[in-house]
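Q: Data file coords.tsv (TSV, C-alpha atoms) is appended below.
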chain	number	residue	atom	x	y	z
A	1	MET	CA	-5.20	-84.99	17.58
A	2	TYR	CA	-7.10	-87.68	15.76
A	3	GLN	CA	-10.20	-89.27	17.22
A	4	LEU	CA	-11.44	-92.80	17.64
A	5	ASN	CA	-12.61	-94.31	14.30
A	6	ASP	CA	-10.85	-91.67	12.18
A	7	ILE	CA	-9.48	-93.07	8.94
A	8	VAL	CA	-5.85	-92.11	8.29
A	9	VAL	CA	-3.03	-93.10	5.96
A	10	TYR	CA	-0.03	-94.45	7.84
A	11	GLU	CA	3.30	-94.24	6.01
A	12	SER	CA	4.19	-97.91	6.11
A	13	SER	CA	0.81	-99.64	6.29
A	14	GLY	CA	-1.52	-97.59	4.13
A	15	VAL	CA	-5.09	-96.80	5.12
A	16	CYS	CA	-5.89	-97.50	8.78
A	17	ARG	CA	-8.72	-96.94	11.22
A	18	ILE	CA	-7.90	-95.57	14.64
A	19	CYS	CA	-9.54	-98.30	16.67
A	20	ASP	CA	-8.38	-97.14	20.09
A	21	ILE	CA	-6.37	-94.51	21.95
A	22	GLN	CA	-4.77	-95.81	25.16
A	23	GLU	CA	-2.17	-95.07	27.80
A	24	LEU	CA	0.36	-97.89	27.45
A	25	SER	CA	3.77	-98.86	28.73
A	26	PHE	CA	5.67	-101.54	26.87
A	27	SER	CA	8.17	-102.21	29.65
A	28	GLU	CA	8.43	-101.76	33.39
A	29	ASP	CA	11.24	-99.24	32.89
A	30	THR	CA	9.24	-96.71	30.87
A	31	ALA	CA	6.45	-94.38	31.82
A	32	PRO	CA	3.11	-94.86	30.11
A	33	ASN	CA	2.55	-92.95	26.91
A	34	THR	CA	-0.61	-92.28	24.90
A	35	TYR	CA	-0.81	-94.42	21.77
A	36	TYR	CA	-3.02	-94.58	18.72
A	37	ILE	CA	-3.90	-98.17	18.00
A	38	LEU	CA	-4.34	-98.52	14.25
A	39	ALA	CA	-6.00	-101.30	12.28
A	40	PRO	CA	-4.86	-101.37	8.63
A	41	LEU	CA	-7.91	-101.71	6.39
A	42	PHE	CA	-6.12	-103.78	3.76
A	43	SER	CA	-4.04	-105.98	6.09
A	44	PRO	CA	-6.67	-107.59	8.31
A	45	GLY	CA	-5.40	-108.80	11.65
A	46	ASP	CA	-2.46	-106.38	11.78
A	47	VAL	CA	-2.30	-103.86	14.63
A	48	ILE	CA	-0.05	-100.81	14.84
A	49	TYR	CA	0.81	-98.92	18.02
A	50	THR	CA	2.12	-95.43	17.44
A	51	PRO	CA	2.65	-92.69	20.03
A	52	VAL	CA	0.20	-89.81	19.76
A	53	ASN	CA	2.96	-87.24	20.23
A	54	SER	CA	5.58	-88.85	17.96
A	55	THR	CA	7.44	-86.58	15.57
A	56	LYS	CA	8.86	-89.59	13.68
A	57	THR	CA	5.59	-91.22	12.70
A	58	VAL	CA	3.99	-89.97	9.53
A	59	PHE	CA	0.29	-90.28	8.97
A	60	ARG	CA	-2.37	-88.01	7.62
A	61	PRO	CA	-6.10	-87.97	6.82
A	62	VAL	CA	-7.25	-89.83	3.72
A	63	ILE	CA	-7.69	-87.55	0.73
A	64	SER	CA	-11.20	-86.47	-0.14
A	65	ARG	CA	-13.10	-87.70	-3.18
A	66	GLU	CA	-12.69	-84.27	-4.79
A	67	GLU	CA	-8.94	-84.15	-4.10
A	68	ALA	CA	-8.50	-87.65	-5.54
A	69	LEU	CA	-10.32	-86.81	-8.77
A	70	GLU	CA	-8.64	-83.39	-9.12
A	71	THR	CA	-5.20	-84.91	-8.62
A	72	ILE	CA	-5.84	-87.65	-11.19
A	73	ARG	CA	-6.96	-85.00	-13.71
A	74	ALA	CA	-3.88	-82.88	-12.97
A	75	VAL	CA	-1.48	-85.81	-13.27
A	76	GLN	CA	-3.05	-86.88	-16.59
A	77	GLY	CA	-1.69	-83.79	-18.28
A	78	GLU	CA	1.77	-83.84	-16.74
A	79	GLU	CA	4.90	-85.13	-18.37
A	80	ILE	CA	6.07	-88.35	-16.77
A	81	ALA	CA	9.38	-88.17	-14.90
A	82	SER	CA	12.09	-90.44	-16.24
A	83	TYR	CA	14.25	-92.63	-14.07
A	84	GLU	CA	15.86	-94.42	-17.02
A	85	GLY	CA	19.51	-95.41	-16.87
A	86	MET	CA	19.96	-94.82	-13.15
A	87	ARG	CA	21.93	-97.17	-10.90
A	88	SER	CA	19.91	-99.21	-8.42
A	89	SER	CA	21.36	-97.34	-5.44
A	90	ASP	CA	20.42	-93.98	-6.98
A	91	LEU	CA	16.92	-95.25	-7.81
A	92	GLU	CA	16.46	-96.50	-4.27
A	93	TYR	CA	17.52	-93.12	-2.89
A	94	ARG	CA	15.25	-91.16	-5.27
A	95	TYR	CA	12.25	-93.41	-4.66
A	96	ARG	CA	12.68	-93.32	-0.89
A	97	ARG	CA	12.90	-89.51	-0.92
A	98	ALA	CA	9.71	-89.29	-2.97
A	99	LEU	CA	7.96	-91.58	-0.48
A	100	GLN	CA	9.12	-89.49	2.49
A	101	GLY	CA	6.94	-86.56	1.48
A	102	PHE	CA	4.01	-88.95	1.60
A	103	ARG	CA	1.67	-86.73	-0.41
A	104	TRP	CA	-0.87	-88.66	-2.47
A	105	GLY	CA	-0.21	-86.72	-5.67
A	106	ASP	CA	3.54	-87.33	-5.42
A	107	LEU	CA	2.95	-91.03	-4.79
A	108	LEU	CA	0.68	-91.16	-7.83
A	109	ARG	CA	3.27	-89.41	-10.02
A	110	LEU	CA	6.01	-91.78	-8.89
A	111	LEU	CA	3.81	-94.83	-9.51
A	112	ARG	CA	3.09	-93.52	-13.00
A	113	ALA	CA	6.80	-92.99	-13.72
A	114	ILE	CA	7.80	-96.45	-12.46
A	115	ASN	CA	4.98	-98.11	-14.38
A	116	ARG	CA	6.10	-96.35	-17.58
A	117	LYS	CA	9.66	-97.53	-16.94
A	118	MET	CA	8.47	-101.11	-16.34
A	119	GLN	CA	6.39	-101.01	-19.56
A	120	ARG	CA	9.48	-100.02	-21.54
A	121	ALA	CA	11.48	-102.81	-19.93
A	122	ARG	CA	8.80	-105.39	-20.81
A	123	ARG	CA	8.69	-104.19	-24.42
A	124	SER	CA	12.46	-104.79	-24.53
A	125	GLY	CA	12.00	-108.33	-23.21
A	126	LYS	CA	13.22	-107.46	-19.71
A	127	LYS	CA	11.36	-107.59	-16.43
A	128	GLY	CA	12.69	-104.39	-14.87
A	129	SER	CA	14.91	-103.96	-11.85
A	130	GLU	CA	14.14	-105.39	-8.44
A	131	VAL	CA	14.12	-101.84	-7.04
A	132	ASP	CA	11.48	-100.80	-9.58
A	133	ARG	CA	9.34	-103.88	-8.92
A	134	ARG	CA	9.54	-103.45	-5.14
A	135	PHE	CA	8.60	-99.77	-5.19
A	136	GLN	CA	5.90	-100.38	-7.80
A	137	ARG	CA	4.22	-102.90	-5.48
A	138	ARG	CA	4.55	-100.56	-2.49
A	139	LEU	CA	3.16	-97.57	-4.35
A	140	ASP	CA	0.34	-99.59	-5.87
A	141	PHE	CA	-0.66	-100.72	-2.38
A	142	LEU	CA	-0.61	-97.18	-0.97
A	143	VAL	CA	-2.19	-95.36	-3.91
A	144	THR	CA	-4.96	-97.81	-4.76
A	145	GLY	CA	-5.85	-98.30	-1.09
A	146	GLU	CA	-6.26	-94.61	-0.47
A	147	LEU	CA	-8.14	-94.07	-3.74
A	148	ALA	CA	-10.48	-96.96	-2.91
A	149	VAL	CA	-11.36	-95.38	0.44
A	150	ALA	CA	-11.66	-91.85	-0.98
A	151	LEU	CA	-14.03	-93.00	-3.75
A	152	ASN	CA	-15.72	-95.74	-1.71
A	153	LEU	CA	-14.72	-98.42	-4.24
A	154	PRO	CA	-13.23	-101.89	-3.94
A	155	ARG	CA	-9.43	-101.86	-4.41
A	156	GLU	CA	-9.58	-103.59	-7.78
A	157	GLU	CA	-12.02	-100.99	-9.12
A	158	ALA	CA	-9.72	-98.21	-7.88
A	159	ARG	CA	-6.78	-99.91	-9.63
A	160	THR	CA	-8.80	-100.24	-12.86
A	161	LEU	CA	-9.75	-96.56	-12.68
A	162	LEU	CA	-6.09	-95.55	-12.30
A	163	GLU	CA	-5.01	-97.84	-15.12
A	164	ARG	CA	-7.65	-96.34	-17.40
A	165	GLU	CA	-7.13	-92.69	-16.46
A	166	LEU	CA	-3.33	-92.71	-16.25
A	167	THR	CA	-2.53	-95.56	-18.65
A	168	LEU	CA	-0.74	-97.46	-15.89
A	169	ALA	CA	-1.29	-100.95	-17.31
For this file, write the structure as structure tokens.
A:
Amino acid sequence: MYQLNDIVVYESSGVCRICDIQELSFSEDTAPNTYYILAPLFSPGDVIYTPVNSTKTVFRPVISREEALETIRAVQGEEIASYEGMRSSDLEYRYRRALQGFRWGDLLRLLRAINRKMQRARRSGKKGSEVDRRFQRRLDFLVTGELAVALNLPREEARTLLERELTLA
């Protein structure tokens, strides 16, 4: 069980602080349940309520500084996956499956692959598919937010580091 003030990565909202743990009931017909109350670090004002004992909610601790740097080094030397020529529905399915695992290294690899695909599209005078653009934004938000927290950097510096180390720009 996580504790008050722990920093975690929540699947849909990125890096969050556990700002409270409370017994709550959201209707008169249900028994109270224990909830984590999460405050997303990069979406000020948002609040997330998630049951402590939920098997559907995915969140995990933020990666360590060492894990972040090791993963970046490992990904630098890897061949980039290609998602060229796939139909939008197949892309959507593949990207969603990659996000389900919710491991930072996998998110980083997928971001790198989509960025490479978008670079090729731009060089051809195209802007890339809506699916690619949507997942690129989502992954950028998740990856740079977690890297910023792991390395204690502002988000833009984390993004610049990734662009430099993984040629994402």
Q: From the set A:Arg159, A:Tyr49, A:Val149, A:Arg123, which residue has the shortest atom-to-atom contact distance to Gln22 of chain A, counting only C-alpha atoms?
A: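 The answer is A:Tyr49, which sits nearest to Gln22 of chain A.
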Q: Between A:Glu156, A:Ile48, A:Ala148, A:Asn115, which residue has the minimum interatomic distance to Gln136 of chain A, considering all atoms listed in the file?
A: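 Residue with the minimum atom-to-atom distance to Gln136 of chain A: A:Asn115.
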Q: Residues near Leu142 of chain A, anyone? I mean within 7 Å using all atoms listed in the file, not counting same-chain ones fewer than 4 positions away, as a list of chain:residue names.
A: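 My reading of the contact set: A:Gly14, A:Arg138, A:Glu146.
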Q: To one decimal place, how far is atom CA of Val8 of chain A from atom CA of Phe59 of chain A in Å?
A: 6.4 Å
Q: Using only C-alpha atoms for the distances, tell me which of A:Arg103, A:Arg65, A:Arg17, A:Arg94 is nearest to Leu153 of chain A.
A: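 Closest to Leu153 of chain A, using only C-alpha atoms: A:Arg65.
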Q: Tell me, as a ChimeraX atom specification, which residues lie within 12 Å of Arg134 of chain A, counting only C-alpha atoms; anything in the same chain fewer than 2 positions away does not count.
A: /A:88,91-92,95-96,111,114-115,118,128-132,136-141
Q: Leaving out segment 77-85 of chain A and any residue of its chain fewer than 2 positions from it, which residues lie within 8 Å of it when counting all atoms listed in the file, given as a PDB file with C-alpha atoms, in the frame of the given file?
A:
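Just written: out.pdb:
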ATOM      1  CA  ARG A  73      -6.960 -85.000 -13.710  1.00  0.00           C
ATOM      2  CA  ALA A  74      -3.880 -82.880 -12.970  1.00  0.00           C
ATOM      3  CA  VAL A  75      -1.480 -85.810 -13.270  1.00  0.00           C
ATOM      4  CA  ARG A  87      21.930 -97.170 -10.900  1.00  0.00           C
ATOM      5  CA  LEU A  91      16.920 -95.250  -7.810  1.00  0.00           C
ATOM      6  CA  ARG A 109       3.270 -89.410 -10.020  1.00  0.00           C
ATOM      7  CA  LEU A 110       6.010 -91.780  -8.890  1.00  0.00           C
ATOM      8  CA  ARG A 112       3.090 -93.520 -13.000  1.00  0.00           C
ATOM      9  CA  ALA A 113       6.800 -92.990 -13.720  1.00  0.00           C
ATOM     10  CA  ILE A 114       7.800 -96.450 -12.460  1.00  0.00           C
ATOM     11  CA  LYS A 117       9.660 -97.530 -16.940  1.00  0.00           C
TER      12      LYS A 117
END
Q: Report, in Å to a single decimal, how far apart atom CA of Tyr10 of chain A and atom CA of Glu163 of chain A are.
A: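 About the pair atom CA of Glu163 of chain A and atom CA of Tyr10 of chain A: they are 23.7 Å apart.
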Q: For the atom pair atom CA of Asn33 of chain A and atom CA of Val62 of chain A, what is the interatomic distance in Å to one decimal place?
A: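 Atom-to-atom, atom CA of Asn33 of chain A and atom CA of Val62 of chain A are spaced 25.4 Å apart.
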Q: Go through A:Glu165, A:Asp106, A:Asp6, A:Glu66 and flag the residue nearest Leu41 of chain A, using all atoms listed in the file for the distances.
A: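 That would be A:Asp6, the residue with the smallest distance to Leu41 of chain A.
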Q: For Val47 of chain A, which residue out of A:Asp29, A:Asp20, A:Glu67, A:Glu11 is the nearest one, using all atoms listed in the file?
A: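 Comparing A:Asp29, A:Asp20, A:Glu67, A:Glu11 against Val47 of chain A, the winner is A:Asp20.
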Q: Find the spatial neighbours of Cys16 of chain A, counting all atoms listed in the file, within a cut-off of 6 Å - ignore same-chain residues fewer than 4 positions away - and output them as a list of chain:residue names.
A: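 After dropping sequence-adjacent residues, the list is A:Ile7, A:Val8, A:Val9, A:Leu38, A:Ala39, A:Pro40, A:Leu41.
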